[in-house]
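Take a look at the structure set out below.
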Amino acid sequence: MSSSVNKVPSIVESLTSLIGINSISSVLPQYDQSNLAVIDTLAGWFESLGFAIEVLPIAGAPGKANLLATLGKGDGGLVLSGHTDTVPCNPELWRSDPFVLTERDNRYYGLGTCDMKGFFSMILEAVQVFRAADFKQPLMVLATADEESSMVGARALARQGNLKGRYAVIGEPTSLRPIRMHKGIIMETVRLTGKAGHSSNPDLGINSIDAMHDVIGELKNIRRDLSAQYHNAHFAVSTPTLNLGCIHGGDNPNRICGSCELAFDLRALPGMSNDDLREEIRRRLSPIAAQNQVQFELETLFPGIEPFSTSEQSPLVQAAERLTGYRSEAVAFATEAPFLQELGFETIVMGPGSIDQAHQVDEFLAFDQIDPCVSLLRSLIRQFCVDAADARD
């Protein structure tokens, strides 16, 4: 690109810097950290390579921002996207400091090595063989905030709606296998309120645990009905799932239970709607609550993530399959892909490292993922940004 390439660190140097920055995101304030140091570090590196830099603060989220770095112009092009945050960790359980990149057993250990700061290091390495003048369509590098907790960064981008392009690769760890589908997720709480009283006379109160028994039965019926109605053979678990996760109610054995709460999650297949599912659950549970004479609330614990699917005929899917030698797959875990798809991008999930290492003690990135990833990224950049004028019709 230019002599400014000398300012850009090697893969190991950049990964060392990124791992050394605590950018944990968490719903618990005592663990939650700003991601601005990661954003500023990435912005400096990409700016030295000639990228136009936009740091996008997130309204209502102090200390959080997204980064958009763009090289080239046009209405098509390619987005390489990753999140800047990590999950919390237990340093006392690690063999080495999670915030110090450690080489051992042909692996790099550290919090975020595979999930997913390592992806940014490989993008930096991949782009250095190109000159800015080579680009017929833009290359955009997107770094988001708080994917691990609320996905507030991706949600903000989708609301703003001003990110334009055609193709997007999200570099979550997939062992460099292309993923074109994943399930969605909602997490809900059913809250029933009856009337407490002395257990010696059931007529003195309204037992919310008794009512919750009937609610649980209907949720199991909903699970059965969804499983019978929806099926997708691309998934290892080919039907929607509904998990009854935790339940709390009452305060003493000799007291009628005045209130009870049940939290559950539901993971929908592509083609299903989270809003429709919530409405169906509400429609089927409300009469049960009325029959039991309890107050009924259905509370959404977080906004949810929609199911995601990209056509196997997409040029991006076909390119990824050709370059990797793997057929595209489907996974049960959720990503930021639906938000980029909402912006109009044909999207896949594909990145270095194994999902089995994500969120684990002694998280690592294997050496044998690095060179293939860099090569793959260069091939995608060449196809969608350099070789073809990929403007929208």
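Chains: A, B, ... in order of the structure tokens. Residues: from 1 per chain. Ligands: from 1, in order shown.
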Practice problem: Pick out the residues sitting within 12 Å of range 92-94 of chain A, and hand them over as a PyMOL selection string; count only C-alpha atoms, and ignore anything fewer than 5 positions along from it in its own chain. | Solution: chain A and resi 99-100+102+109-111+360-364
Write out the residues from the selection above, keeping N, CA and C atoms, as a PDB file, in the first residue's frame.
ATOM      1  N   PHE A  99      -4.603 -12.164  30.046  1.00  0.00           N
ATOM      2  CA  PHE A  99      -4.382 -10.894  29.365  1.00  0.00           C
ATOM      3  C   PHE A  99      -2.949 -10.756  28.846  1.00  0.00           C
ATOM      4  N   VAL A 100      -2.219 -11.860  28.828  1.00  0.00           N
ATOM      5  CA  VAL A 100      -0.869 -11.895  28.264  1.00  0.00           C
ATOM      6  C   VAL A 100      -0.832 -13.009  27.218  1.00  0.00           C
ATOM      7  N   THR A 102       0.339 -15.911  25.294  1.00  0.00           N
ATOM      8  CA  THR A 102       1.298 -16.931  25.709  1.00  0.00           C
ATOM      9  C   THR A 102       1.376 -18.024  24.650  1.00  0.00           C
ATOM     10  N   TYR A 109      -2.321 -18.692  23.550  1.00  0.00           N
ATOM     11  CA  TYR A 109      -3.307 -18.650  24.612  1.00  0.00           C
ATOM     12  C   TYR A 109      -3.573 -17.211  25.029  1.00  0.00           C
ATOM     13  N   GLY A 110      -4.820 -16.920  25.373  1.00  0.00           N
ATOM     14  CA  GLY A 110      -5.193 -15.608  25.857  1.00  0.00           C
ATOM     15  C   GLY A 110      -6.677 -15.380  25.667  1.00  0.00           C
ATOM     16  N   LEU A 111      -7.249 -14.515  26.509  1.00  0.00           N
ATOM     17  CA  LEU A 111      -8.677 -14.236  26.428  1.00  0.00           C
ATOM     18  C   LEU A 111      -8.983 -13.436  25.165  1.00  0.00           C
ATOM     19  N   GLN A 360     -14.035 -20.496  27.201  1.00  0.00           N
ATOM     20  CA  GLN A 360     -13.425 -21.539  28.013  1.00  0.00           C
ATOM     21  C   GLN A 360     -12.188 -21.025  28.739  1.00  0.00           C
ATOM     22  N   VAL A 361     -11.856 -21.665  29.856  1.00  0.00           N
ATOM     23  CA  VAL A 361     -10.564 -21.459  30.498  1.00  0.00           C
ATOM     24  C   VAL A 361      -9.470 -21.877  29.521  1.00  0.00           C
ATOM     25  N   ASP A 362      -8.356 -21.143  29.503  1.00  0.00           N
ATOM     26  CA  ASP A 362      -7.233 -21.416  28.604  1.00  0.00           C
ATOM     27  C   ASP A 362      -7.656 -21.399  27.135  1.00  0.00           C
ATOM     28  N   GLU A 363      -8.451 -20.397  26.781  1.00  0.00           N
ATOM     29  CA  GLU A 363      -8.826 -20.179  25.377  1.00  0.00           C
ATOM     30  C   GLU A 363      -7.571 -20.039  24.523  1.00  0.00           C
ATOM     31  N   PHE A 364      -7.611 -20.652  23.337  1.00  0.00           N
ATOM     32  CA  PHE A 364      -6.423 -20.577  22.479  1.00  0.00           C
ATOM     33  C   PHE A 364      -6.797 -20.506  21.008  1.00  0.00           C
TER      34      PHE A 364
END
Quiz prompt | Those in range 99-327 of chain A with strand (DSSP E or B) from DSSP, as a ChimeraX atom specification | solution = /A:102-104,107-109,139-144,167-170,179-182,185-193,195,197-198,206,241-249,255-256,259-267,295-300,305,308-309
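Residue neighbourhood of Arg284 in chain A, excluding near-sequence residues (fewer than 4 positions): A:Glu218, A:Leu219, A:Ile222, A:Glu279, A:Glu280, A:Ile288, at 9 Å, using only C-alpha atoms.
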File dump, residues just selected, N, CA and C atoms, as a short mmCIF file (atom, residue, chain, number, x, y, z; two decimals), in the first residue's frame:
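Produced file out_24.cif, reproduced below:
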data_model
loop_
_atom_site.label_atom_id
_atom_site.label_comp_id
_atom_site.auth_asym_id
_atom_site.auth_seq_id
_atom_site.Cartn_x
_atom_site.Cartn_y
_atom_site.Cartn_z
N GLU A 218 -48.22 -26.28 29.47
CA GLU A 218 -48.54 -25.68 28.17
C GLU A 218 -47.27 -25.31 27.41
N LEU A 219 -46.23 -24.85 28.11
CA LEU A 219 -44.96 -24.59 27.43
C LEU A 219 -44.40 -25.87 26.82
N ILE A 222 -46.29 -26.38 23.70
CA ILE A 222 -45.78 -25.50 22.66
C ILE A 222 -44.50 -26.07 22.06
N GLU A 279 -45.89 -13.78 20.71
CA GLU A 279 -47.33 -13.59 20.67
C GLU A 279 -48.06 -14.91 20.86
N GLU A 280 -47.56 -15.99 20.25
CA GLU A 280 -48.18 -17.30 20.41
C GLU A 280 -48.09 -17.78 21.85
N ILE A 288 -54.66 -19.77 30.69
CA ILE A 288 -54.30 -20.65 31.82
C ILE A 288 -54.17 -19.83 33.09
#
Proximity of range 209-324 of chain A to range 378-387 of chain A: per-residue shortest pair, 8 Å limit, only C-alpha atoms, as a Markdown table:
| residue | atom | partner | partner_atom | distance |
| --- | --- | --- | --- | --- |
| A:Ala319 | CA | A:Leu380 | CA | 7.6 |
| A:Ala320 | CA | A:Leu380 | CA | 7.9 |
| A:Leu323 | CA | A:Ser379 | CA | 7.9 |
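Restricting the calculation to only C-alpha atoms, the smallest distance between His83 in chain A and any of A:Glu103, A:Glu172, A:Asp210, A:Asp32 is found for A:Glu172.
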